[in-house]
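S.K.: Once you've had a glance at the structure underneath, I'll fire off some questions.
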Amino acid sequence: MKKILRNTFLVSYMVVLLVGQSVIAQTPPTASASATPTVVVDKDIQQLKDKIANKVSEIRKENNKAISGFVLKIDGNNMQLNNKEDVNQVKFDDTLTKVFKVLGTTKKEIKTSDISKDDYAIASGVVADNIITANVVLIDENFLADSGKITEINKDTYNIKVLTSDKNTYSLDIETSTKQYMIDIKTLSRDTIGFSKLKEGDMVHFVVKKTGKEKDNNYPAVKILIIPQEYFIK
Amino acid sequence: MKKETITAIILGLIFGGIVAIFISLKSKDMELAKNKVIAPPKEKALSSNLTETEIQNLEISEPANNAIFEKNMVRFKGVAAKDSLMVIQSPIKDLVFKNTQGKFDLEFPLALGENSIKIVVYPKEKQFRAQEKYIKIYYIDSEL
């Protein structure tokens with residue numbers, strides 16, 4: 001009996017071995033199979049390295065956040081930014097943090113000590129425990145884009161009142177520097193206009209610069225774009 | 001040849017055959033799994049059967065609010081009511097166009113730092129109110 005079992009096992013082993021070899025022979029060769037073992041190992045290590053590097057970059061990007069607000073307080077390596085919703089803590093890293101002042105389309109590197117209270121700052125970096133460790137801080141201007149209907153025009157003071165969809169009323173000063181445009185209702189092209197072209201009932205899309213010290217929602221307008229009411233009644 | 005040996009060979013062939021068939025089937029399955037073609041997901045069909053009291057809401061799939069970009073150009077993608085007038089305004093760009101397709105996908109320039117962007121859709125049917133969205137996105141140059 002023992003002999004039968006031993007022989008059965010031997011024959012089975014040989015059959016499996018033979019079939020196994022033929023299956024392997026039928027399998028199309030892959031790129032790694034054709035390469036020498038050392039090259040395969042090197043390639044695998046490189047792939048693993050790339051994967052790790054990509055993952056690290058992804059995680060860094062995921063955790064990278066940007067916040068903005070007016071500087072409430074700046075003290076050594078810490079800064080507090082205040083926006084409408086909340087106050088955010090920003091930490092500077094001497095070896096990492098770079099600070100720039102945005103001048104239109106260009107930028108100039110400055111020091112953290114050049115940042116003053118009430119500056120508008122944008123900080124980008126990794127957030128941990130509600131504190132952002134800034135990689136980059138940009139000192140810029142705070143712009144707001146909004147739209148609404150012109151409800152009042154004061155031709156003496158060159159001021160317009162605008163009612164937005166959320167029932168907010170803006171008082172906009174149209175200054176000589178304000179860029180004024182109107183949409184051509186036929187071609188939808190943008191034409192430059194003067195203050196006299198504005199009418200109550202027109203829709204206006206505007207951009208204003210916020211300093212945080214405005215009163216009564218009054219702002220000098222940077223840019224206005226008018227959609228004449230005729231567009232909506234055509 | 002001894003009877004015992006013949007029995008052993010027959011049993012061995014049967015058992016070996018079973019294992020061989022199992023291996024062969026398993027390897028075929030593995031090959032199939034490797035070569036399986038995954039069909040692209042079906043595109044979400046836009047609801048075309050909107051009644052007179054319904055209108056396509058403004059939906060912006062890209063960019064996300066508070067997103068950070070390393071390039072000074074971003075793609076605006078989304079859907080809005082067909083034939084509506086769309087206005088996308090930022091401090092550096094005013095984009096006004098008729099959204100004839102419903103879907104939109106267009107390039108928009110970004111200024112260095114924070115970009116406050118207002119998107120307004122004026123539906124063609126005047127009984128509907130304008131739809132608005134406001135987003136803040138950041139362009140932080142990768143060289144910084």
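Within each chain, counting starts at residue 1; across the structure tokens, chains are named A, B, ... in the order shown, with ligands numbered 1 upward in that order.
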Just the residues within 12 Å of Phe69 (chain B), please, counting only C-alpha atoms, with nothing from its chain fewer than 6 positions along; format it as an MDAnalysis selection string.
M.R.: (chainID A and resid 61 64:66 124) or (chainID B and resid 62:63 75 109:115 136:142)
S.K.: Okay, now the selection with N, CA and C atoms, as a PDB file, in the first residue's frame?
M.R.:
```
ATOM      1  N   LYS A  61       0.139  68.042  -2.350  1.00  0.00           N
ATOM      2  CA  LYS A  61      -0.830  68.880  -3.067  1.00  0.00           C
ATOM      3  C   LYS A  61      -2.184  68.874  -2.358  1.00  0.00           C
ATOM      4  N   ASN A  64      -2.025  70.953   0.603  1.00  0.00           N
ATOM      5  CA  ASN A  64      -1.694  72.341   0.324  1.00  0.00           C
ATOM      6  C   ASN A  64      -2.969  73.157   0.201  1.00  0.00           C
ATOM      7  N   LYS A  65      -3.052  74.178   0.992  1.00  0.00           N
ATOM      8  CA  LYS A  65      -4.242  75.029   0.972  1.00  0.00           C
ATOM      9  C   LYS A  65      -3.799  76.474   0.823  1.00  0.00           C
ATOM     10  N   ALA A  66      -4.732  77.298   0.411  1.00  0.00           N
ATOM     11  CA  ALA A  66      -4.459  78.731   0.345  1.00  0.00           C
ATOM     12  C   ALA A  66      -5.543  79.459   1.128  1.00  0.00           C
ATOM     13  N   SER A 124      -0.061  80.347   1.228  1.00  0.00           N
ATOM     14  CA  SER A 124      -0.238  78.991   0.696  1.00  0.00           C
ATOM     15  C   SER A 124       0.745  78.052   1.380  1.00  0.00           C
TER      16      SER A 124
ATOM     17  N   GLU B  62     -15.642  72.363 -12.912  1.00  0.00           N
ATOM     18  CA  GLU B  62     -14.262  72.844 -12.765  1.00  0.00           C
ATOM     19  C   GLU B  62     -14.240  74.339 -12.999  1.00  0.00           C
ATOM     20  N   PRO B  63     -13.450  75.057 -12.274  1.00  0.00           N
ATOM     21  CA  PRO B  63     -12.598  74.709 -11.143  1.00  0.00           C
ATOM     22  C   PRO B  63     -13.379  74.706  -9.831  1.00  0.00           C
ATOM     23  N   ARG B  75      -9.459  76.055 -16.913  1.00  0.00           N
ATOM     24  CA  ARG B  75     -10.606  75.693 -17.765  1.00  0.00           C
ATOM     25  C   ARG B  75     -11.868  75.743 -16.927  1.00  0.00           C
ATOM     26  N   PRO B 109      -8.200  83.273 -18.070  1.00  0.00           N
ATOM     27  CA  PRO B 109      -6.878  83.620 -17.514  1.00  0.00           C
ATOM     28  C   PRO B 109      -6.943  83.940 -16.018  1.00  0.00           C
ATOM     29  N   LEU B 110      -5.856  83.677 -15.340  1.00  0.00           N
ATOM     30  CA  LEU B 110      -5.777  83.962 -13.907  1.00  0.00           C
ATOM     31  C   LEU B 110      -4.667  84.974 -13.632  1.00  0.00           C
ATOM     32  N   ALA B 111      -4.915  85.802 -12.633  1.00  0.00           N
ATOM     33  CA  ALA B 111      -3.886  86.751 -12.190  1.00  0.00           C
ATOM     34  C   ALA B 111      -3.109  86.089 -11.060  1.00  0.00           C
ATOM     35  N   LEU B 112      -1.889  86.506 -10.861  1.00  0.00           N
ATOM     36  CA  LEU B 112      -1.074  85.950  -9.781  1.00  0.00           C
ATOM     37  C   LEU B 112      -1.757  86.219  -8.437  1.00  0.00           C
ATOM     38  N   GLY B 113      -1.874  85.197  -7.622  1.00  0.00           N
ATOM     39  CA  GLY B 113      -2.509  85.354  -6.312  1.00  0.00           C
ATOM     40  C   GLY B 113      -3.964  84.942  -6.331  1.00  0.00           C
ATOM     41  N   GLU B 114      -4.788  85.760  -5.671  1.00  0.00           N
ATOM     42  CA  GLU B 114      -6.207  85.409  -5.532  1.00  0.00           C
ATOM     43  C   GLU B 114      -7.020  85.912  -6.725  1.00  0.00           C
ATOM     44  N   ASN B 115      -7.955  85.093  -7.158  1.00  0.00           N
ATOM     45  CA  ASN B 115      -8.829  85.471  -8.275  1.00  0.00           C
ATOM     46  C   ASN B 115     -10.284  85.329  -7.836  1.00  0.00           C
ATOM     47  N   LYS B 136     -13.572  81.662  -5.554  1.00  0.00           N
ATOM     48  CA  LYS B 136     -12.252  82.248  -5.302  1.00  0.00           C
ATOM     49  C   LYS B 136     -11.243  81.165  -5.623  1.00  0.00           C
ATOM     50  N   ILE B 137     -10.345  81.426  -6.555  1.00  0.00           N
ATOM     51  CA  ILE B 137      -9.298  80.435  -6.841  1.00  0.00           C
ATOM     52  C   ILE B 137      -7.942  81.136  -6.829  1.00  0.00           C
ATOM     53  N   TYR B 138      -6.904  80.347  -6.664  1.00  0.00           N
ATOM     54  CA  TYR B 138      -5.571  80.930  -6.484  1.00  0.00           C
ATOM     55  C   TYR B 138      -4.603  80.455  -7.561  1.00  0.00           C
ATOM     56  N   TYR B 139      -3.862  81.417  -8.063  1.00  0.00           N
ATOM     57  CA  TYR B 139      -2.766  81.057  -8.969  1.00  0.00           C
ATOM     58  C   TYR B 139      -1.470  81.340  -8.222  1.00  0.00           C
ATOM     59  N   ILE B 140      -0.810  80.276  -7.801  1.00  0.00           N
ATOM     60  CA  ILE B 140       0.479  80.407  -7.112  1.00  0.00           C
ATOM     61  C   ILE B 140       1.513  79.794  -8.046  1.00  0.00           C
ATOM     62  N   ASP B 141       2.326  80.630  -8.617  1.00  0.00           N
ATOM     63  CA  ASP B 141       3.356  80.200  -9.560  1.00  0.00           C
ATOM     64  C   ASP B 141       4.218  79.103  -8.932  1.00  0.00           C
ATOM     65  N   SER B 142       4.414  77.997  -9.658  1.00  0.00           N
ATOM     66  CA  SER B 142       5.198  76.875  -9.117  1.00  0.00           C
ATOM     67  C   SER B 142       6.657  77.260  -8.869  1.00  0.00           C
TER      68      SER B 142
END
```
S.K.: For chain A, work out the contacting residues on chain B at 9 Å, counting only C-alpha atoms, and write them as a PyMOL selection string.
M.R.: chain B and resi 4-17+19-21+23-24+27+31+66-68+87+89-91+94+96-98+111-120+122+124+126+130+132+134+137-138+140+144
S.K.: Using Å and a single decimal, report how far CA of Ala80 (chain B) sits from CA of Val121 (chain B).
M.R.: 7.3 Å
S.K.: Mind giving me the straight-line distance from CA of Lys73 (chain A) to CA of Lys117 (chain A) in Å, one decimal?
M.R.: 6.1 Å
S.K.: If you count only C-alpha atoms, which residues fall within 8 Å of Lys149 (chain A), apart from same-chain ones fewer than 4 positions away, as a PyMOL selection string?
M.R.: chain A and resi 162-164+200-204
S.K.: Ranking A:Gln89, A:Ser196, A:Thr95, A:Asn54 by minimum distance to Phe70 (chain A) and counting only C-alpha atoms, which one comes first?
M.R.: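 Of A:Gln89, A:Ser196, A:Thr95, A:Asn54, the one nearest Phe70 (chain A), counting only C-alpha atoms, is A:Gln89.
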S.K.: Please indicate the distance in Å from CA of Asp83 (chain B) to CA of Gly102 (chain B), rounded to one decimal place.
M.R.: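 Going from CA of Asp83 (chain B) over to CA of Gly102 (chain B), I get 7.1 Å.
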S.K.: Which residue gives the smallest distance to Asp105 (chain B) among B:Ala81, B:Ile60, B:Asn65, B:Pro123, with only C-alpha atoms counted?
M.R.: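 For Asp105 (chain B), the nearest of the given residues is B:Ile60.
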S.K.: Write out as an MDAnalysis selection string the set of residues from chain A that DSSP, computed on the backbone, places in helix (DSSP H, G or I).
M.R.: chainID A and resid 2:26 31:34 37:63 112:114 195:197 230:233
S.K.: Would you please work out which residue, of A:Tyr120, A:Ala128, A:Lys199, A:Tyr219, is nearest to Asn82 (chain A) when using only C-alpha atoms?
M.R.: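 Among the listed residues, A:Tyr120 lies closest to Asn82 (chain A).
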S.K.: Within 9 Å of Glu107 (chain B), counting only C-alpha atoms, which residues qualify if same-chain residues fewer than 3 places away don't, as a PyMOL selection string?
M.R.: chain B and resi 73-77
